[in-house]
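Next comes my_file15.csv, with CSV, C-alpha atoms (C1' of nucleotides).
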chain,number,residue,atom,x,y,z
W,1158,MET,CA,0.0,0.0,0.0
W,1159,ILE,CA,2.9,2.4,0.7
W,1160,GLU,CA,4.0,2.3,-3.0
W,1161,THR,CA,0.6,3.0,-4.2
W,1162,ASN,CA,0.3,5.9,-1.9
W,1163,ILE,CA,3.5,7.3,-3.2
W,1164,LEU,CA,2.3,7.0,-6.7
W,1165,ALA,CA,-1.0,8.5,-5.8
W,1166,VAL,CA,0.7,11.5,-4.2
W,1167,ALA,CA,3.0,11.9,-7.2
W,1168,SER,CA,0.2,11.9,-9.7
W,1169,ARG,CA,-1.9,14.0,-7.5
W,1170,ARG,CA,0.8,16.6,-7.3
W,1171,SER,CA,1.1,17.1,-11.0
W,1172,GLU,CA,-2.6,17.5,-11.3
W,1173,ASP,CA,-2.6,20.1,-8.5
W,1174,ASP,CA,0.1,21.8,-10.4
W,1175,ILE,CA,-1.9,22.2,-13.6
W,1176,VAL,CA,-5.0,23.2,-11.6
W,1177,SER,CA,-3.1,25.9,-9.8
W,1178,ARG,CA,-1.5,27.1,-13.1
W,1179,ILE,CA,-4.8,27.4,-14.7
W,1180,ASP,CA,-6.0,29.2,-11.6
W,1181,ASP,CA,-3.0,31.6,-11.9
W,1182,SER,CA,-3.7,32.4,-15.5
W,1183,LEU,CA,-7.4,32.9,-14.8
W,1184,ILE,CA,-6.7,35.1,-11.9
W,1185,ALA,CA,-4.4,37.2,-14.1
W,1186,LEU,CA,-7.1,37.4,-16.7
W,1187,ARG,CA,-9.6,38.4,-14.1
W,1188,ARG,CA,-7.3,41.2,-13.0
W,1189,ILE,CA,-7.0,42.4,-16.5
W,1190,MET,CA,-10.7,42.4,-17.1
W,1191,LEU,CA,-11.5,44.1,-13.8
W,1192,ALA,CA,-8.9,46.8,-14.3
W,1193,THR,CA,-10.1,47.4,-17.8
W,1194,GLU,CA,-13.7,47.5,-16.7
W,1195,LEU,CA,-13.0,50.0,-14.0
W,1196,TYR,CA,-10.9,52.1,-16.3
W,1197,GLY,CA,-13.7,52.1,-18.7
W,1198,LYS,CA,-16.2,53.3,-16.1
W,1199,GLU,CA,-13.8,56.0,-15.0
W,1200,LEU,CA,-13.1,57.1,-18.5
W,1201,ALA,CA,-16.8,57.2,-19.5
W,1202,SER,CA,-17.9,59.2,-16.4
W,1203,ALA,CA,-15.1,61.7,-17.0
W,1204,ALA,CA,-16.6,62.3,-20.4
W,1205,GLY,CA,-20.1,62.5,-18.8
W,1206,LEU,CA,-21.2,59.3,-20.4
W,1207,THR,CA,-21.8,55.8,-19.2
W,1208,ALA,CA,-19.5,52.9,-20.0
W,1209,ALA,CA,-21.8,51.4,-22.6
W,1210,GLN,CA,-22.4,54.8,-24.3
W,1211,PHE,CA,-18.7,55.4,-24.4
W,1212,ARG,CA,-17.9,52.0,-25.9
W,1213,ALA,CA,-20.5,52.7,-28.6
W,1214,LEU,CA,-19.0,56.2,-29.2
W,1215,GLN,CA,-15.5,54.7,-29.6
W,1216,ILE,CA,-16.8,52.2,-32.2
W,1217,VAL,CA,-18.4,55.1,-34.1
W,1218,GLY,CA,-15.2,57.1,-33.8
W,1219,GLU,CA,-13.1,54.5,-35.6
W,1220,LYS,CA,-14.4,55.4,-39.0
W,1221,GLY,CA,-16.4,58.5,-38.0
W,1222,TRP,CA,-19.6,56.6,-38.6
W,1223,GLU,CA,-21.1,53.2,-38.2
W,1224,THR,CA,-24.4,51.4,-38.6
W,1225,PRO,CA,-26.4,50.2,-35.6
W,1226,LYS,CA,-26.2,46.6,-36.8
W,1227,VAL,CA,-22.4,46.7,-36.7
W,1228,ILE,CA,-22.2,48.5,-33.4
W,1229,ALA,CA,-24.5,45.8,-31.9
W,1230,ALA,CA,-22.4,43.0,-33.3
W,1231,ARG,CA,-19.2,44.6,-32.0
W,1232,MET,CA,-20.6,45.1,-28.6
W,1233,GLY,CA,-22.3,41.7,-28.4
W,1234,VAL,CA,-25.8,43.1,-27.7
W,1235,SER,CA,-29.0,43.3,-29.7
W,1236,GLN,CA,-29.9,46.0,-32.1
W,1237,ALA,CA,-32.7,47.3,-29.9
W,1238,THR,CA,-30.1,48.0,-27.3
W,1239,ILE,CA,-28.1,50.1,-29.7
W,1240,THR,CA,-31.2,52.1,-30.7
W,1241,ALA,CA,-31.6,53.2,-27.1
W,1242,LEU,CA,-27.9,53.9,-26.6
W,1243,VAL,CA,-27.7,56.0,-29.8
W,1244,ASP,CA,-30.8,57.9,-28.6
W,1245,LYS,CA,-28.8,58.9,-25.5
W,1246,LEU,CA,-25.7,59.8,-27.6
W,1247,VAL,CA,-27.8,61.9,-30.0
W,1248,LYS,CA,-29.4,63.7,-27.1
W,1249,ALA,CA,-25.9,64.4,-25.7
W,1250,GLY,CA,-24.9,65.8,-29.1
W,1251,GLN,CA,-22.1,63.3,-29.5
W,1252,VAL,CA,-23.5,61.7,-32.7
W,1253,SER,CA,-26.2,62.2,-35.2
W,1254,ARG,CA,-28.4,59.9,-37.2
W,1255,GLU,CA,-28.4,60.1,-41.0
W,1256,ARG,CA,-30.3,58.0,-43.4
W,1257,SER,CA,-27.9,56.2,-45.8
W,1258,GLU,CA,-28.2,57.2,-49.4
W,1259,ARG,CA,-27.2,53.9,-50.9
W,1260,ASP,CA,-29.7,51.8,-48.9
W,1261,ARG,CA,-32.3,53.8,-47.1
W,1262,ARG,CA,-33.1,51.0,-44.7
W,1263,GLN,CA,-29.7,51.8,-43.1
W,1264,THR,CA,-28.9,54.5,-40.6
W,1265,ASN,CA,-25.5,55.9,-40.3
W,1266,VAL,CA,-24.6,56.9,-36.8
W,1267,THR,CA,-22.2,59.8,-37.4
W,1268,LEU,CA,-19.7,61.4,-35.0
W,1269,THR,CA,-20.3,65.1,-34.4
W,1270,GLY,CA,-17.6,67.6,-33.7
W,1271,LEU,CA,-18.4,67.3,-30.0
W,1272,GLY,CA,-18.1,63.5,-30.3
W,1273,ARG,CA,-14.7,63.8,-31.8
W,1274,GLN,CA,-13.6,66.1,-29.1
W,1275,THR,CA,-14.9,63.8,-26.4
W,1276,LEU,CA,-12.8,61.0,-27.9
W,1277,ASP,CA,-9.8,63.1,-28.4
W,1278,ASP,CA,-9.9,64.4,-24.8
W,1279,ALA,CA,-10.9,61.2,-23.0
W,1280,PRO,CA,-8.6,58.4,-23.9
W,1281,ASP,CA,-5.7,59.7,-21.8
W,1282,ALA,CA,-7.0,58.5,-18.5
W,1283,LEU,CA,-7.5,55.0,-19.8
W,1284,GLN,CA,-4.3,54.4,-21.6
W,1285,GLN,CA,-1.8,56.5,-19.8
W,1286,LYS,CA,-0.5,53.8,-17.5
W,1287,TYR,CA,-0.6,50.9,-19.8
W,1288,VAL,CA,0.8,52.8,-22.8
W,1289,SER,CA,3.6,54.4,-21.0
W,1290,GLU,CA,4.7,51.2,-19.4
W,1291,PHE,CA,4.4,49.3,-22.6
W,1292,GLU,CA,6.4,51.9,-24.4
W,1293,ALA,CA,9.2,51.5,-21.9
W,1294,LEU,CA,9.7,47.9,-22.6
W,1295,ALA,CA,12.4,46.5,-24.8
W,1296,ASP,CA,11.4,45.5,-28.3
W,1297,TRP,CA,11.5,41.8,-27.8
W,1298,GLU,CA,9.4,42.1,-24.7
W,1299,GLN,CA,6.7,44.0,-26.5
W,1300,ALA,CA,6.7,41.4,-29.2
W,1301,GLN,CA,6.5,38.7,-26.7
W,1302,ILE,CA,3.6,40.2,-24.9
W,1303,ILE,CA,1.7,40.7,-28.1
W,1304,ALA,CA,2.3,37.1,-29.1
W,1305,THR,CA,1.1,35.8,-25.8
W,1306,LEU,CA,-2.0,38.0,-25.7
W,1307,GLU,CA,-2.9,36.9,-29.2
W,1308,ARG,CA,-2.4,33.3,-28.2
W,1309,VAL,CA,-4.6,33.6,-25.2
W,1310,ALA,CA,-7.2,35.5,-27.1
W,1311,THR,CA,-7.2,32.7,-29.7
W,1312,MET,CA,-7.6,30.1,-26.9
W,1313,LEU,CA,-10.6,32.0,-25.6
W,1314,ASP,CA,-12.2,32.9,-28.9
W,1315,ALA,CA,-15.1,30.5,-29.5
W,1316,GLU,CA,-16.1,32.3,-32.7
W,1317,ASN,CA,-13.7,34.8,-34.2
W,1318,ILE,CA,-15.4,38.0,-33.5
W,1319,ASP,CA,-13.7,41.0,-35.0
W,1320,ALA,CA,-12.5,43.1,-32.2
W,1321,SER,CA,-10.8,46.3,-33.2
W,1322,PRO,CA,-9.2,48.4,-30.5
W,1323,VAL,CA,-11.8,49.8,-28.2
W,1324,LEU,CA,-9.0,51.5,-26.5
W,1325,THR,CA,-7.8,53.8,-29.3
W,1326,THR,CA,-4.2,54.8,-29.4
W,1327,GLY,CA,-4.8,58.2,-30.8
W,1328,ASP,CA,-3.3,60.0,-27.8
W,1329,ILE,CA,0.2,58.6,-28.2
W,1330,LYS,CA,0.5,60.4,-31.5
W,1331,HIS,CA,0.4,63.7,-29.8
W,1332,HIS,CA,3.5,63.0,-27.7
Q,717,MET,CA,16.6,68.0,-48.4
Q,718,ILE,CA,16.9,64.3,-49.4
Q,719,GLU,CA,18.9,63.4,-46.3
Q,720,THR,CA,16.5,65.1,-44.0
Q,721,ASN,CA,13.6,63.3,-45.6
Q,722,ILE,CA,15.4,60.0,-45.1
Q,723,LEU,CA,15.9,60.8,-41.4
Q,724,ALA,CA,12.4,62.0,-41.1
Q,725,VAL,CA,11.1,58.7,-42.6
Q,726,ALA,CA,13.3,56.7,-40.3
Q,727,SER,CA,12.2,58.4,-37.1
Q,728,ARG,CA,8.6,58.3,-38.2
Q,729,ARG,CA,8.8,54.7,-38.9
Q,730,SER,CA,9.8,53.8,-35.4
Q,731,GLU,CA,7.0,55.8,-33.9
Q,732,ASP,CA,4.5,54.1,-36.2
Q,733,ASP,CA,5.9,50.8,-35.0
Q,734,ILE,CA,5.3,51.5,-31.4
Q,735,VAL,CA,1.8,52.8,-32.1
Q,736,SER,CA,0.9,49.7,-34.1
Q,737,ARG,CA,2.4,47.5,-31.4
Q,738,ILE,CA,0.3,49.1,-28.8
Q,739,ASP,CA,-2.7,48.7,-31.1
Q,740,ASP,CA,-1.9,45.1,-31.5
Q,741,SER,CA,-1.7,44.4,-27.8
Q,742,LEU,CA,-4.9,46.4,-27.2
Q,743,ILE,CA,-6.7,44.5,-29.9
Q,744,ALA,CA,-5.6,41.2,-28.3
Q,745,LEU,CA,-6.7,42.5,-24.9
Q,746,ARG,CA,-10.0,43.5,-26.4
Q,747,ARG,CA,-10.5,40.1,-27.8
Q,748,ILE,CA,-9.7,38.5,-24.5
Q,749,MET,CA,-12.3,40.7,-22.7
Q,750,LEU,CA,-15.0,40.2,-25.3
Q,751,ALA,CA,-14.5,36.4,-25.3
Q,752,THR,CA,-14.6,36.3,-21.6
Q,753,GLU,CA,-17.6,38.5,-21.4
Q,754,LEU,CA,-19.5,36.4,-23.8
Q,755,TYR,CA,-18.4,33.2,-22.1
Q,756,GLY,CA,-19.6,34.6,-18.9
Q,757,LYS,CA,-23.1,35.3,-20.3
Q,758,GLU,CA,-23.3,31.9,-21.8
Q,759,LEU,CA,-22.3,30.2,-18.6
Q,760,ALA,CA,-24.7,32.2,-16.5
Q,761,SER,CA,-27.7,31.6,-18.8
Q,762,ALA,CA,-26.9,27.9,-18.9
Q,763,ALA,CA,-27.3,28.0,-15.1
Q,764,GLY,CA,-30.5,30.0,-15.4
Q,765,LEU,CA,-28.9,33.0,-13.9
Q,766,THR,CA,-27.7,36.4,-15.2
Q,767,ALA,CA,-24.0,37.1,-15.5
Q,768,ALA,CA,-23.9,39.4,-12.5
Q,769,GLN,CA,-25.8,36.9,-10.4
Q,770,PHE,CA,-23.4,34.1,-11.4
Q,771,ARG,CA,-20.4,36.1,-10.6
Q,772,ALA,CA,-21.7,36.8,-7.2
Q,773,LEU,CA,-22.5,33.1,-6.8
Q,774,GLN,CA,-19.0,32.2,-7.7
Q,775,ILE,CA,-17.6,34.6,-5.1
Q,776,VAL,CA,-19.8,33.1,-2.4
Q,777,GLY,CA,-18.8,29.6,-3.6
Q,778,GLU,CA,-15.1,30.1,-2.9
Q,779,LYS,CA,-15.5,29.8,0.8
Q,780,GLY,CA,-19.1,28.7,0.9
Q,781,TRP,CA,-20.2,32.1,2.4
Q,782,GLU,CA,-19.3,35.7,2.1
Q,783,THR,CA,-20.5,39.1,3.4
Q,784,PRO,CA,-22.3,41.6,1.1
Q,785,LYS,CA,-19.5,44.1,1.7
Q,786,VAL,CA,-16.8,41.8,0.4
Q,787,ILE,CA,-18.9,40.7,-2.6
Q,788,ALA,CA,-19.5,44.3,-3.5
Q,789,ALA,CA,-15.8,45.1,-3.3
Q,790,ARG,CA,-14.8,42.1,-5.3
Q,791,MET,CA,-17.3,43.0,-8.0
Q,792,GLY,CA,-16.5,46.6,-8.0
Q,793,VAL,CA,-20.1,47.7,-7.3
Q,794,SER,CA,-22.0,49.3,-4.4
Q,795,GLN,CA,-23.4,47.4,-1.5
Q,796,ALA,CA,-26.9,48.4,-2.5
Q,797,THR,CA,-26.5,46.6,-5.7
Q,798,ILE,CA,-25.5,43.4,-3.9
Q,799,THR,CA,-28.5,43.5,-1.7
Q,800,ALA,CA,-30.7,43.4,-4.8
Q,801,LEU,CA,-28.5,40.7,-6.4
Q,802,VAL,CA,-28.6,38.5,-3.3
Q,803,ASP,CA,-32.4,38.9,-3.2
Q,804,LYS,CA,-32.5,37.3,-6.6
Q,805,LEU,CA,-30.2,34.5,-5.6
Q,806,VAL,CA,-32.2,33.8,-2.4
Q,807,LYS,CA,-35.4,33.7,-4.4
Q,808,ALA,CA,-33.7,31.2,-6.8
Q,809,GLY,CA,-32.7,29.1,-3.8
Q,810,GLN,CA,-29.0,29.4,-4.6
Q,811,VAL,CA,-27.9,31.1,-1.4
Q,812,SER,CA,-29.4,32.0,2.0
Q,813,ARG,CA,-29.0,34.9,4.3
Q,814,GLU,CA,-27.8,34.3,7.8
Q,815,ARG,CA,-27.1,36.8,10.6
Q,816,SER,CA,-23.6,36.6,11.8
Q,817,GLU,CA,-23.2,35.5,15.4
Q,818,ARG,CA,-19.9,37.3,16.0
Q,819,ASP,CA,-21.1,40.7,14.7
Q,820,ARG,CA,-24.8,40.9,14.2
Q,821,ARG,CA,-24.5,43.9,11.9
Q,822,GLN,CA,-23.1,41.4,9.4
Q,823,THR,CA,-25.0,39.1,7.1
Q,824,ASN,CA,-23.5,35.9,5.8
Q,825,VAL,CA,-24.6,35.0,2.3
Q,826,THR,CA,-24.3,31.2,2.4
Q,827,LEU,CA,-24.3,28.8,-0.5
Q,828,THR,CA,-27.1,26.3,-0.4
Q,829,GLY,CA,-26.9,22.7,-1.8
Q,830,LEU,CA,-28.5,23.9,-5.0
Q,831,GLY,CA,-26.0,26.7,-5.2
Q,832,ARG,CA,-23.1,24.2,-4.9
Q,833,GLN,CA,-24.7,22.1,-7.5
Q,834,THR,CA,-25.0,25.0,-9.9
Q,835,LEU,CA,-21.4,25.8,-9.5
Q,836,ASP,CA,-20.3,22.2,-9.9
Q,837,ASP,CA,-22.3,21.7,-13.0
Q,838,ALA,CA,-21.9,25.0,-14.8
Q,839,PRO,CA,-18.2,25.7,-15.3
Q,840,ASP,CA,-17.6,23.2,-18.0
Q,841,ALA,CA,-19.1,25.3,-20.8
Q,842,LEU,CA,-16.9,28.2,-19.9
Q,843,GLN,CA,-13.6,26.7,-19.4
Q,844,GLN,CA,-13.5,23.7,-21.6
Q,845,LYS,CA,-11.8,25.4,-24.5
Q,846,TYR,CA,-9.3,27.5,-22.7
Q,847,VAL,CA,-8.5,24.9,-20.1
Q,848,SER,CA,-8.0,22.0,-22.5
Q,849,GLU,CA,-5.8,24.1,-24.8
Q,850,PHE,CA,-3.9,25.4,-21.8
Q,851,GLU,CA,-3.4,22.0,-20.4
Q,852,ALA,CA,-2.0,20.8,-23.8
Q,853,LEU,CA,0.8,23.4,-23.6
Q,854,ALA,CA,4.3,22.6,-22.5
Q,855,ASP,CA,5.3,23.5,-19.0
Q,856,TRP,CA,7.5,26.4,-20.0
Q,857,GLU,CA,4.8,27.8,-22.2
Q,858,GLN,CA,2.3,27.8,-19.4
Q,859,ALA,CA,4.7,29.5,-17.1
Q,860,GLN,CA,5.4,32.1,-19.7
Q,861,ILE,CA,1.8,32.8,-20.4
Q,862,ILE,CA,1.1,33.3,-16.7
Q,863,ALA,CA,4.1,35.6,-16.4
Q,864,THR,CA,3.0,37.7,-19.3
Q,865,LEU,CA,-0.6,37.9,-18.1
Q,866,GLU,CA,0.5,38.9,-14.7
Q,867,ARG,CA,2.7,41.5,-16.1
Q,868,VAL,CA,0.0,43.0,-18.3
Q,869,ALA,CA,-2.4,42.9,-15.3
Q,870,THR,CA,0.1,44.8,-13.3
Q,871,MET,CA,0.5,47.4,-16.0
Q,872,LEU,CA,-3.3,47.8,-16.1
Q,873,ASP,CA,-3.9,47.8,-12.3
Q,874,ALA,CA,-4.2,51.2,-11.0
Q,875,GLU,CA,-4.9,50.1,-7.5
Q,876,ASN,CA,-4.2,46.5,-6.6
Q,877,ILE,CA,-7.7,45.0,-6.3
Q,878,ASP,CA,-7.7,41.5,-5.1
Q,879,ALA,CA,-9.2,39.4,-7.9
Q,880,SER,CA,-9.6,35.8,-7.2
Q,881,PRO,CA,-10.6,33.5,-10.0
Q,882,VAL,CA,-14.2,34.3,-11.0
Q,883,LEU,CA,-13.8,31.4,-13.4
Q,884,THR,CA,-13.4,28.6,-11.0
Q,885,THR,CA,-11.4,25.6,-12.0
Q,886,GLY,CA,-13.4,23.0,-10.2
Q,887,ASP,CA,-14.4,21.0,-13.2
Q,888,ILE,CA,-10.9,20.0,-14.2
Q,889,LYS,CA,-10.7,17.9,-11.0
Q,890,HIS,CA,-13.4,15.7,-12.3
Q,891,HIS,CA,-11.4,14.5,-15.3
D,823,DC,C1',-45.3,42.3,-58.9
D,824,DA,C1',-45.8,39.9,-54.7
D,825,DT,C1',-43.4,38.1,-51.1
D,826,DA,C1',-39.3,37.4,-48.5
D,827,DA,C1',-35.4,39.3,-46.4
D,828,DT,C1',-33.1,43.2,-44.3
D,829,DG,C1',-32.4,47.2,-41.2
D,830,DC,C1',-34.1,49.8,-37.8
D,831,DT,C1',-37.3,51.4,-34.2
D,832,DT,C1',-41.1,50.9,-30.7
D,833,DA,C1',-43.2,48.8,-26.8
D,834,DG,C1',-43.1,46.5,-22.7
D,835,DA,C1',-40.6,44.0,-19.4
D,836,DT,C1',-36.7,42.8,-16.2
D,837,DA,C1',-32.1,43.4,-14.3
D,838,DA,C1',-28.2,46.2,-12.8
D,839,DG,C1',-26.6,50.0,-10.9
D,840,DC,C1',-26.3,54.4,-8.0
D,841,DG,C1',-26.7,57.7,-4.0
D,842,DA,C1',-29.1,59.1,0.0
D,843,DA,C1',-31.4,57.9,3.9
D,844,DA,C1',-33.0,54.6,7.4
D,845,DC,C1',-31.8,51.0,10.8
D,846,DA,C1',-29.5,48.1,13.8
D,847,DT,C1',-25.4,47.1,16.0
D,848,DT,C1',-20.8,47.8,17.8
D,849,DC,C1',-17.0,50.8,19.3
D,850,DG,C1',-14.9,54.6,21.8
D,851,DA,C1',-14.4,58.0,24.5
D,852,DA,C1',-15.6,61.2,28.4
N,1033,DT,C1',-21.8,53.8,31.6
N,1034,DT,C1',-23.8,56.2,28.4
N,1035,DC,C1',-24.0,58.9,24.2
N,1036,DG,C1',-22.3,59.8,19.8
N,1037,DA,C1',-19.5,58.1,15.9
N,1038,DA,C1',-18.6,54.3,13.0
N,1039,DT,C1',-19.9,50.1,10.6
N,1040,DG,C1',-22.8,46.8,7.9
N,1041,DT,C1',-26.9,46.2,5.6
N,1042,DT,C1',-31.2,47.3,3.6
N,1043,DT,C1',-34.8,50.4,1.6
N,1044,DC,C1',-36.2,53.9,-1.7
N,1045,DG,C1',-36.4,56.3,-5.9
N,1046,DC,C1',-34.4,56.7,-10.1
N,1047,DT,C1',-31.6,55.9,-14.4
N,1048,DT,C1',-29.5,52.9,-17.7
N,1049,DA,C1',-28.9,48.5,-20.1
N,1050,DT,C1',-30.8,44.8,-21.9
N,1051,DC,C1',-34.0,41.5,-24.0
N,1052,DT,C1',-37.9,39.7,-27.1
N,1053,DA,C1',-41.7,40.5,-30.0
N,1054,DA,C1',-43.9,43.2,-33.1
N,1055,DG,C1',-44.1,47.0,-36.5
N,1056,DC,C1',-42.5,49.8,-40.4
N,1057,DA,C1',-39.8,50.9,-44.3
N,1058,DT,C1',-37.0,49.5,-48.0
N,1059,DT,C1',-34.6,46.4,-51.0
N,1060,DA,C1',-34.1,41.8,-53.2
N,1061,DT,C1',-35.8,37.9,-55.5
N,1062,DG,C1',-38.5,34.4,-57.8

Encoding of this model in C-alpha cells:
Amino acid sequence: MIETNILAVASRRSEDDIVSRIDDSLIALRRIMLATELYGKELASAAGLTAAQFRALQIVGEKGWETPKVIAARMGVSQATITALVDKLVKAGQVSRERSERDRRQTNVTLTGLGRQTLDDAPDALQQKYVSEFEALADWEQAQIIATLERVATMLDAENIDASPVLTTGDIKHH
Amino acid sequence: MIETNILAVASRRSEDDIVSRIDDSLIALRRIMLATELYGKELASAAGLTAAQFRALQIVGEKGWETPKVIAARMGVSQATITALVDKLVKAGQVSRERSERDRRQTNVTLTGLGRQTLDDAPDALQQKYVSEFEALADWEQAQIIATLERVATMLDAENIDASPVLTTGDIKHH
DNA sequence: CATAATGCTTAGATAAGCGAAACATTCGAA
DNA sequence: TTCGAATGTTTCGCTTATCTAAGCATTATG
C-alpha cells in the first residue's frame, strides 16, 4: 500500500500543479478584465457618459460613422439596445443619425464635432498607465507580450469576432 | 533635403511601430475581454442566472459564504447593488442569508446545496476550450503565459484590487 | 409584382446599478 | 456607563442597459 500511496501522491501533485497554473492564469485574466472595466467606467464618467455609451462612441469614432447593426455585433448586444444607446448619444450631441443614401433602410450613426472632441480628450485616462509602461519595454518584450496575448485570445475565442481596439491609441501620436 | 527626408522617414517609422504594437496588444486584450464576457453570459444563462448573479454566486462559492460588503468590493459595485442581487439568488434558492453570530450587523450570504450544484455543473461550458488548450501546452509555455498575463495585469492595475478567479477551475478535477 | 429578407425602431418588461437615507449594532471616549 | 460616531446592511427612488416580440420601411428575388 505504501508504494501505491507514493504514486498517488505523485500523480496528484502534478494534477494540482496544472490546476493551480490554470488558476493563476485565470486570476491574471480576471485582474486584466477588472482593471479594464474599472478604467472604462472612469473614462466614461469623466466624459459625462456611461460605459456602454462610451464604448459605442468609440466604435463610431473609428471610422467617423457606423451602422447600428455593426455596433450591436461589435458590442455583443441586440440592435434594440443600440437604438436606445444611440438615442442617448444623440441627445448628448455626440453623434447624429443620418439615413444612408445607398440603402435607405440603413442609418449611419455619425460622429459630431463634439463627439470627436470627447474621444480626443478622454482616452488619456485609460491608456496612460498601460501605454507608457508598454512603451518603456524592450522591443523583444513588446513582441513577446503581443504574441502571448494573441495566443490567449485565440484560446478563448469561440467564434472569431472581429475586435478592433476599443482603447484607441490616438493620444500617443500627440507626444 | 533628401537626407532630412530619409531621417524623417526613419524616425517616423519607429513611432508608427510603437503605435501599431500598442494597437496590436490592445486589440488582443479587447478580444480577451470580449470572449470572456460572452463566455460569462453563456455560462450564466446555462445555469438559469444572469452574468452578475453568477459572478456573485462564484464569489460566495469560494469559501461557501461571504458578506455583502466583500462581494461588493470584489465585483466593484456598491453594496446596495449586492442587496438586490442577493435577493434574486435567495429567491432562486442558490444562497441563503444568515445573521452573523460574531457581529450581528453582518449578514453571511451562504451557499445552499442547490447553489453548490449549480457551481459544480456550470463551469464546464466556460472553461472547456481554454482549459483544454492550456493543459496541452508545454510547461514552460504555461509558465510564460502566466508571467505575461500577470505583467499585463500589473500594467493595467491602478490600484491592486484582489481578484480571485471568477472562473473557477473545479471542473478539471473531475477529469 | 408579390413576397421574403433586411435594417431599424417601438413597446413592454426585467435586471443592474447608483446615491441618499434609514436601521440596527458595535465601538470609543468622556 | 452612556452617548455619539462608525460600521454593515437594507430600503427607496431613479436611471441605464438589456431583452424579445412586433411593427414599419425599404430592398431583393423568384

Q: Just give me the gap between C1' of DT825 (chain D) and C1' of DT1061 (chain N) in Å, one decimal is fine.
A: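 Atom-to-atom, C1' of DT825 (chain D) and C1' of DT1061 (chain N) are spaced 8.8 Å apart.
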
Need the shell around region 833-837 of chain D: protein/DNA/RNA residues with any atom at most 9 Å away, counting all atoms listed in the file. Skip same-chain ones fewer than 4 positions apart. Format as an mmCIF file with C-alpha atoms (C1' of nucleotides), keeping the file's coordinate frame?
data_model
loop_
_atom_site.group_PDB
_atom_site.id
_atom_site.type_symbol
_atom_site.label_atom_id
_atom_site.label_comp_id
_atom_site.auth_asym_id
_atom_site.auth_seq_id
_atom_site.Cartn_x
_atom_site.Cartn_y
_atom_site.Cartn_z
ATOM 1 C CA THR Q 766 -27.700 36.400 -15.200
ATOM 2 C "C1'" DA N 1049 -28.900 48.500 -20.100
ATOM 3 C "C1'" DT N 1050 -30.800 44.800 -21.900
ATOM 4 C "C1'" DC N 1051 -34.000 41.500 -24.000
ATOM 5 C "C1'" DA N 1054 -43.900 43.200 -33.100
#

Q: Output as a ChimeraX atom specification the set of chain D residues within 8 Å of chain Q, with distances taken over only C-alpha atoms (C1' of nucleotides).
A: /D:838-840,846-848

Taking all atoms listed in the file into account and nothing else, which residues of chain N lie no more than 9 Å away from chain Q? Please answer as a PDB file with C-alpha atoms (C1' of nucleotides), in the coordinates of the input.
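Okay, result-v8.pdb is ready:
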ATOM      1  C1'  DT N1039     -19.900  50.100  10.600  1.00  0.00           C
ATOM      2  C1'  DG N1040     -22.800  46.800   7.900  1.00  0.00           C
ATOM      3  C1'  DT N1041     -26.900  46.200   5.600  1.00  0.00           C
ATOM      4  C1'  DT N1042     -31.200  47.300   3.600  1.00  0.00           C
TER       5       DT N1042
END

Q: Compute the chain W side of the contact with chain Q at 6 Å, counting all atoms listed in the file, and hand it back as an MDAnalysis selection string.
A: chainID W and resid 1182:1185 1188:1189 1192 1287 1303 1306:1307 1310 1312:1314 1320:1322

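CA of Gly1205 (chain W) is positioned 17.7 Å from C1' of DC1046 (chain N).
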
Q. Counting only C-alpha atoms, which of Q:Ala772, Q:Val825, Q:Trp781, Q:Leu765 gets nearest to Ala808 (chain Q)?
A.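 Closest candidate: Q:Leu765.
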
Q. If you measure from CA of Arg1254 (chain W) to C1' of DA826 (chain D), what distance in Å do you get, rounded to one decimal?
A.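 CA of Arg1254 (chain W) sits 27.4 Å away from C1' of DA826 (chain D).
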
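Neighbourhood of point (-35.0, 49.7, -40.4): residues with an atom at most 8 Å away, counting only C-alpha atoms (C1' of nucleotides), are Arg1262, Gln1263 and Thr1264 of chain W; DT828, DG829, DC830 and DT831 of chain D; DC1056, DA1057 and DT1058 of chain N.
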
**Q.** Within 12 Å of file point (-25.4, 29.3, -1.8), counting all atoms listed in the file, expressed as a PyMOL selection string
**A.** chain Q and resi 769-770+772-782+802-814+824-836

Could you write out the selected residues, including C-alpha atoms, as a CSV table (one decimal), in the frame of the given file?
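Below is the file that was written, selection_12.csv:
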chain,number,residue,atom,x,y,z
Q,769,GLN,CA,-25.8,36.9,-10.4
Q,770,PHE,CA,-23.4,34.1,-11.4
Q,772,ALA,CA,-21.7,36.8,-7.2
Q,773,LEU,CA,-22.5,33.1,-6.8
Q,774,GLN,CA,-19.0,32.2,-7.7
Q,775,ILE,CA,-17.6,34.6,-5.1
Q,776,VAL,CA,-19.8,33.1,-2.4
Q,777,GLY,CA,-18.8,29.6,-3.6
Q,778,GLU,CA,-15.1,30.1,-2.9
Q,779,LYS,CA,-15.5,29.8,0.8
Q,780,GLY,CA,-19.1,28.7,0.9
Q,781,TRP,CA,-20.2,32.1,2.4
Q,782,GLU,CA,-19.3,35.7,2.1
Q,802,VAL,CA,-28.6,38.5,-3.3
Q,803,ASP,CA,-32.4,38.9,-3.2
Q,804,LYS,CA,-32.5,37.3,-6.6
Q,805,LEU,CA,-30.2,34.5,-5.6
Q,806,VAL,CA,-32.2,33.8,-2.4
Q,807,LYS,CA,-35.4,33.7,-4.4
Q,808,ALA,CA,-33.7,31.2,-6.8
Q,809,GLY,CA,-32.7,29.1,-3.8
Q,810,GLN,CA,-29.0,29.4,-4.6
Q,811,VAL,CA,-27.9,31.1,-1.4
Q,812,SER,CA,-29.4,32.0,2.0
Q,813,ARG,CA,-29.0,34.9,4.3
Q,814,GLU,CA,-27.8,34.3,7.8
Q,824,ASN,CA,-23.5,35.9,5.8
Q,825,VAL,CA,-24.6,35.0,2.3
Q,826,THR,CA,-24.3,31.2,2.4
Q,827,LEU,CA,-24.3,28.8,-0.5
Q,828,THR,CA,-27.1,26.3,-0.4
Q,829,GLY,CA,-26.9,22.7,-1.8
Q,830,LEU,CA,-28.5,23.9,-5.0
Q,831,GLY,CA,-26.0,26.7,-5.2
Q,832,ARG,CA,-23.1,24.2,-4.9
Q,833,GLN,CA,-24.7,22.1,-7.5
Q,834,THR,CA,-25.0,25.0,-9.9
Q,835,LEU,CA,-21.4,25.8,-9.5
Q,836,ASP,CA,-20.3,22.2,-9.9

Contacts of DC1044 (chain N) at 10 Å or less, counting all atoms listed in the file, minus same-chain residues fewer than 4 places along, as a tab-separated table (two decimals) with C-alpha atoms (C1' of nucleotides), in the frame of the given file?
chain	number	residue	atom	x	y	z
D	842	DA	C1'	-29.10	59.10	0.00
D	843	DA	C1'	-31.40	57.90	3.90
D	844	DA	C1'	-33.00	54.60	7.40
